[in-house]
Structures are given as structure tokens and as C-alpha cells.
Amino acid sequence: RVLFRSKKSSSFSYIATNETTGVVRGELRAQGQEGALSQLERMGLKPISVTKKTESILDIQIDLFEKVPPEDIYNFTRQLSVMLKAGVPLVDALDSVHSDKTNSLLKRTIDRVIDDVSNGMSLSKAMSKHPKIFNSMFVNIIKAGESAGVLDKVLFQLADFIAHDLKLRMGITQAIRYPSIVVGITILVGIFAVTYILPRFSTLFANTRIDLPTPTRILLGINQFFTDYWQVAIFGIVFLVIAIWRILQTKSGRFQWHKILLDLPVFGPIAQKMAISRFCHVLDTLDRTGVPILDSLEIAGKTAGNAFIEDRLSKVYKDVQMGKKVAVSINTHTFDIFPNHVLKMIQVGEEAGAMDDMLKEIGDMTDAEVQDKVLKLTATLEPIITVVMGVFILTLALSIFLPIWDMYEALSKG
């Protein structure tokens, strides 16, 4: 491994010998042939051949549709923290955490981060160039750890937070999986019936000149509209999706949507508690690693996941910056967001000098409340969805079989 990398390092494939495993093959990135040989020497390998890989347009990787699973981010963070805690230099630690099993996009991203860090850039700044992989929360926590000189501790706590966040999200995903599947199947059945089954009977119904029941006329009208104006329908749907997406990308649009989300009767309390949980866990993570309270509040306030709540927490940061206590500032600006018992616990924790322990307790307690609310929501939705699906299927069946029954009666009388 080299101590300095150019911004455009090249890839090399090598064959070398190792005293323990014999002949080994692999790839590495280096500034040039000498840099590659230097890396092999530092790795304890004796090179047999080192060949620069030729790059063509076919080798260009398109990152647009690639994703890095959160599990891989967790593994990367945990392994990097262990390496740094053991005293391994940052560049060497970064070069050691990815292997052949690492996600290809994450592997390429780490290589670019190594290049930037080797050129003197800080780890947080190098990671900030890849927001698709390392979000703002991740980068800000790394930045705080660098400033406080506790990068290894921050990474360790960050890995724990990512693992906790994964567990919470997995629980919510499992809870809503069944309702989502049922709704999806119902929608597909409806589309299939309206676009394929019902039109096959429409000609037969027209020839009999019987009065069609209301459900049949409605479904045939929907089918006729999409048959005649399918281009308009598709354009309208695409336009609506893009317009909503563009609005949500703006600061004001995202703020208003998150404010509306908190006011929703069922999903609002869940979103609110998840934001409180994330804030408390991030603040606890930073406080335990010795990051100054102002830096911790600034970062934690930006990671709540709700723009409306983040705006309130930014005011808390400004108050603490002016010398006010954390509990007093939170009570002043988030009294309608944080429950009274949470505000009281924060106050007690600050006065007792055990803020981190109290924040962890609040986070765990809020997580349990979120899981409980999600389970109750699922238990409530399942029978409602079952009834709605039954009514929908019954409507489809009646819209097909009622005209057939009327036609049969007309033929019998005739």
C-alpha cells in the first residue's frame, strides 16, 4: 500500500508468492508500477508479475441503478472501527475492509475514498463525495469523530446505531409485509378483471340489449376510458409522480410534507416516535464518544428524518449555543413533539450528569412504543383489508355474473 495516491490511480493485476499460502493472485490500485510493487512489499508478498489493467468503455460502471445494502454499510463500519482501534493506519484500514465478497459499488467507492484520503483529504470529506453510499448523518458523525480525535470510538458507536436502526426497520417491514401483499394482489386482480375478463363479455352484453347493472357500467366505463385515453392516463400519472417528487426535493416542499405527515391520525405518531428515537440514539452515540455537546446537538438534530422536527431541533442547538441548558431548550422548542415524560427524563439526566444513559433509555423505550404501535396498526389493518378485498372481489364478480343472469332470464322468457 502506498502513502500517496494520485487522483487517477490505475488498477493492476498481480501474481505473487506468500510464505504461508504459496502463490496468490489479486488486484490492487496504485499510482504506477512502482507504487504497485511497493504495496505488494508492504503486504508481505513477493511479486512474480504485475500487469496494468487496460480500461475500455465497456469497463465503465454505471452506478445509477446500483445500491449498497445497509448490512454492507454496517459490516464496513464495524470492520473499519476494529482496524483503527488496533492501530492500523487509516489508508491501510480502508484498503483491508473490502474483499471479493464486498458489494461492487461499495468496493469502487472505498477505492475512491482511499485515493482522496491518500491525497490529504479528510475521511468525512472524501465520504461526502458519495452521498448515495454515505448519507449526511454518516458523514457528519465521522466529521465529529475526526474533530474530537475519537474516530475509532465514533465508528464503533455508529456501527451499533446502524445495527439498531436495521433491526427496527426490519421489524416494521415484517409487520406491514402481509397487508402490502394483500393490497398488491387485490389491485392486480382488479386490473386483470377490468382490462382482460370484463371486455370479453362486453360484446356479448351489447348484443343482448339488456340493461347492465351499475357495477358493470362503471367498470366498463373505466376500461373504455383507459382504452381510448391510455396515453393521457400514462402521461398524467407520470407528470403527477414527477411533480410530487420535484416538490419533495425542495426544502419548503419537504418541510410541509413532513409537517402534514405528523398530523396524520395513525401514521403521524409512528413517524414522530421514530424521529425522537433517531435523535436520542444519535445524540447518545456522539455523547458517549466524547464529542462536544454543541457538535452532538447539531448533528443529531439533522438526523431525525423529519424536516419539521429538524427545524425545531436547530433552534434547540442555537439556544444551547447561547448558553441555555439542553433540557430547557428542548422543552421550549419541542414541547408539542416530545412527550412530557421524555422531556422530564432529559432534564433529570442532564441534572444528574448521566445524559447518555438517559438518552439510551429514551431511545429504547421509544423503539418499543414504535414496534407496539406498528403491531397494533397491522392487527387493525388486516381485518379491514380483508373486508375491503372481499367487497372488491364481490363487486367484480357481480359486475360479470349479474348481466349473465339477466341475459339467461331474458332468453328463458323469450
# chains A, B, ... in the order shown; residues from 1 in each chain; ligands from 1
>>> residues_around(residues="Leu106 (chain A)", least_positions_apart="4", cutoff="9 Å", atoms="only C-alpha atoms", output="MDAnalysis selection string")
chainID A and resid 67:68 72:73 98 102 110:111 133
>>> residues_around(residues="Thr216 (chain A)", least_positions_apart="6", cutoff="10 Å", atoms="only C-alpha atoms", output="ChimeraX atom specification")
/A:194,198,202,222,395-403
>>> write_last_selection(atoms="N, CA and C atoms", output="PDB file, in the first residue's frame")
ATOM      1  N   VAL A 194     -60.661  -5.874 -15.031  1.00  0.00           N
ATOM      2  CA  VAL A 194     -61.178  -4.742 -15.803  1.00  0.00           C
ATOM      3  C   VAL A 194     -60.611  -4.710 -17.217  1.00  0.00           C
ATOM      4  N   LEU A 198     -63.527  -8.595 -18.178  1.00  0.00           N
ATOM      5  CA  LEU A 198     -64.781  -7.888 -18.455  1.00  0.00           C
ATOM      6  C   LEU A 198     -64.956  -7.501 -19.919  1.00  0.00           C
ATOM      7  N   SER A 202     -68.218  -7.817 -22.822  1.00  0.00           N
ATOM      8  CA  SER A 202     -68.910  -6.587 -23.208  1.00  0.00           C
ATOM      9  C   SER A 202     -69.647  -6.738 -24.533  1.00  0.00           C
ATOM     10  N   ILE A 222     -64.642   2.569 -16.997  1.00  0.00           N
ATOM     11  CA  ILE A 222     -63.225   2.711 -16.660  1.00  0.00           C
ATOM     12  C   ILE A 222     -62.351   2.076 -17.727  1.00  0.00           C
ATOM     13  N   THR A 395     -67.752  -7.191  -5.875  1.00  0.00           N
ATOM     14  CA  THR A 395     -68.208  -6.230  -6.884  1.00  0.00           C
ATOM     15  C   THR A 395     -67.803  -6.675  -8.284  1.00  0.00           C
ATOM     16  N   LEU A 396     -66.573  -7.148  -8.417  1.00  0.00           N
ATOM     17  CA  LEU A 396     -66.120  -7.647  -9.716  1.00  0.00           C
ATOM     18  C   LEU A 396     -66.952  -8.839 -10.173  1.00  0.00           C
ATOM     19  N   ALA A 397     -67.210  -9.745  -9.235  1.00  0.00           N
ATOM     20  CA  ALA A 397     -67.992 -10.944  -9.582  1.00  0.00           C
ATOM     21  C   ALA A 397     -69.410 -10.566  -9.995  1.00  0.00           C
ATOM     22  N   LEU A 398     -70.031  -9.656  -9.226  1.00  0.00           N
ATOM     23  CA  LEU A 398     -71.399  -9.254  -9.556  1.00  0.00           C
ATOM     24  C   LEU A 398     -71.465  -8.521 -10.892  1.00  0.00           C
ATOM     25  N   SER A 399     -70.433  -7.698 -11.176  1.00  0.00           N
ATOM     26  CA  SER A 399     -70.436  -6.957 -12.443  1.00  0.00           C
ATOM     27  C   SER A 399     -70.355  -7.895 -13.642  1.00  0.00           C
ATOM     28  N   ILE A 400     -69.863  -9.102 -13.453  1.00  0.00           N
ATOM     29  CA  ILE A 400     -69.775 -10.076 -14.542  1.00  0.00           C
ATOM     30  C   ILE A 400     -70.985 -11.004 -14.554  1.00  0.00           C
ATOM     31  N   PHE A 401     -71.351 -11.504 -13.388  1.00  0.00           N
ATOM     32  CA  PHE A 401     -72.388 -12.540 -13.341  1.00  0.00           C
ATOM     33  C   PHE A 401     -73.808 -11.989 -13.337  1.00  0.00           C
ATOM     34  N   LEU A 402     -74.048 -10.778 -12.853  1.00  0.00           N
ATOM     35  CA  LEU A 402     -75.404 -10.221 -12.887  1.00  0.00           C
ATOM     36  C   LEU A 402     -75.919 -10.050 -14.319  1.00  0.00           C
ATOM     37  N   PRO A 403     -75.123  -9.483 -15.249  1.00  0.00           N
ATOM     38  CA  PRO A 403     -75.609  -9.405 -16.639  1.00  0.00           C
ATOM     39  C   PRO A 403     -75.838 -10.791 -17.251  1.00  0.00           C
TER      40      PRO A 403
END
>>> closest_residue(among="A:Ala300, A:Lys52, A:Gln224, A:Ala307", to="Gln249 (chain A)", atoms="only C-alpha atoms")
A:Ala307
>>> atom_distance(atom1="CA of Glu351 (chain A)", atom2="CA of Ile299 (chain A)")
22.3 Å
>>> residues_around(residues="Val291 (chain A)", least_positions_apart="4", cutoff="10 Å", atoms="only C-alpha atoms", output="PyMOL selection string")
chain A and resi 141+144-150+154+283+285-287+295-297
>>> residues_around(residues="Lys85 (chain A)", least_positions_apart="4", cutoff="12 Å", atoms="only C-alpha atoms", output="list in words")
Arg78, Gln79, Leu80, Ser81, Pro89, Leu90, Ala93, Val150, Leu151, Asp152, Lys153, Val154, Leu155 and Phe156 of chain A
>>> closest_atom_pairs(of="region 278-315 of chain A", to="region 257-266 of chain A", cutoff="12 Å", atoms="only C-alpha atoms", output="Markdown table")
| residue | atom | partner | partner_atom | distance |
| --- | --- | --- | --- | --- |
| A:Ala304 | CA | A:His258 | CA | 11.3 |
| A:Gly305 | CA | A:His258 | CA | 9.1 |
| A:Asn306 | CA | A:His258 | CA | 5.8 |
| A:Ala307 | CA | A:His258 | CA | 6.1 |
| A:Phe308 | CA | A:Lys259 | CA | 5.6 |
| A:Ile309 | CA | A:Lys259 | CA | 8.3 |
| A:Glu310 | CA | A:His258 | CA | 10.2 |
| A:Asp311 | CA | A:Lys259 | CA | 10.7 |
| A:Arg312 | CA | A:Lys259 | CA | 11.5 |
>>> write_last_selection(atoms="N, CA, C and O atoms", output="PDB file, in the first residue's frame")
ATOM      1  N   ALA A 304     -32.916  13.476  12.401  1.00  0.00           N
ATOM      2  CA  ALA A 304     -34.210  12.993  12.905  1.00  0.00           C
ATOM      3  C   ALA A 304     -35.040  12.340  11.812  1.00  0.00           C
ATOM      4  O   ALA A 304     -35.920  11.524  12.100  1.00  0.00           O
ATOM      5  N   GLY A 305     -34.773  12.695  10.555  1.00  0.00           N
ATOM      6  CA  GLY A 305     -35.520  12.085   9.457  1.00  0.00           C
ATOM      7  C   GLY A 305     -36.824  12.783   9.148  1.00  0.00           C
ATOM      8  O   GLY A 305     -37.616  12.309   8.323  1.00  0.00           O
ATOM      9  N   ASN A 306     -37.086  13.925   9.796  1.00  0.00           N
ATOM     10  CA  ASN A 306     -38.296  14.701   9.542  1.00  0.00           C
ATOM     11  C   ASN A 306     -37.907  16.174   9.514  1.00  0.00           C
ATOM     12  O   ASN A 306     -37.383  16.702  10.507  1.00  0.00           O
ATOM     13  N   ALA A 307     -38.138  16.851   8.391  1.00  0.00           N
ATOM     14  CA  ALA A 307     -37.679  18.229   8.206  1.00  0.00           C
ATOM     15  C   ALA A 307     -38.311  19.179   9.216  1.00  0.00           C
ATOM     16  O   ALA A 307     -37.659  20.129   9.678  1.00  0.00           O
ATOM     17  N   PHE A 308     -39.567  18.943   9.566  1.00  0.00           N
ATOM     18  CA  PHE A 308     -40.253  19.817  10.526  1.00  0.00           C
ATOM     19  C   PHE A 308     -39.603  19.713  11.904  1.00  0.00           C
ATOM     20  O   PHE A 308     -39.326  20.724  12.561  1.00  0.00           O
ATOM     21  N   ILE A 309     -39.348  18.477  12.338  1.00  0.00           N
ATOM     22  CA  ILE A 309     -38.710  18.271  13.639  1.00  0.00           C
ATOM     23  C   ILE A 309     -37.266  18.750  13.612  1.00  0.00           C
ATOM     24  O   ILE A 309     -36.772  19.328  14.588  1.00  0.00           O
ATOM     25  N   GLU A 310     -36.577  18.550  12.491  1.00  0.00           N
ATOM     26  CA  GLU A 310     -35.196  19.014  12.377  1.00  0.00           C
ATOM     27  C   GLU A 310     -35.117  20.535  12.497  1.00  0.00           C
ATOM     28  O   GLU A 310     -34.159  21.072  13.072  1.00  0.00           O
ATOM     29  N   ASP A 311     -36.109  21.232  11.970  1.00  0.00           N
ATOM     30  CA  ASP A 311     -36.140  22.690  12.077  1.00  0.00           C
ATOM     31  C   ASP A 311     -36.282  23.110  13.536  1.00  0.00           C
ATOM     32  O   ASP A 311     -35.606  24.056  13.987  1.00  0.00           O
ATOM     33  N   ARG A 312     -37.127  22.419  14.287  1.00  0.00           N
ATOM     34  CA  ARG A 312     -37.285  22.728  15.710  1.00  0.00           C
ATOM     35  C   ARG A 312     -35.992  22.440  16.480  1.00  0.00           C
ATOM     36  O   ARG A 312     -35.596  23.214  17.360  1.00  0.00           O
TER      37      ARG A 312
END
>>> closest_residue(among="A:Arg112, A:Lys167, A:Lys251, A:Arg288", to="Ala368 (chain A)", atoms="only C-alpha atoms")
A:Lys167
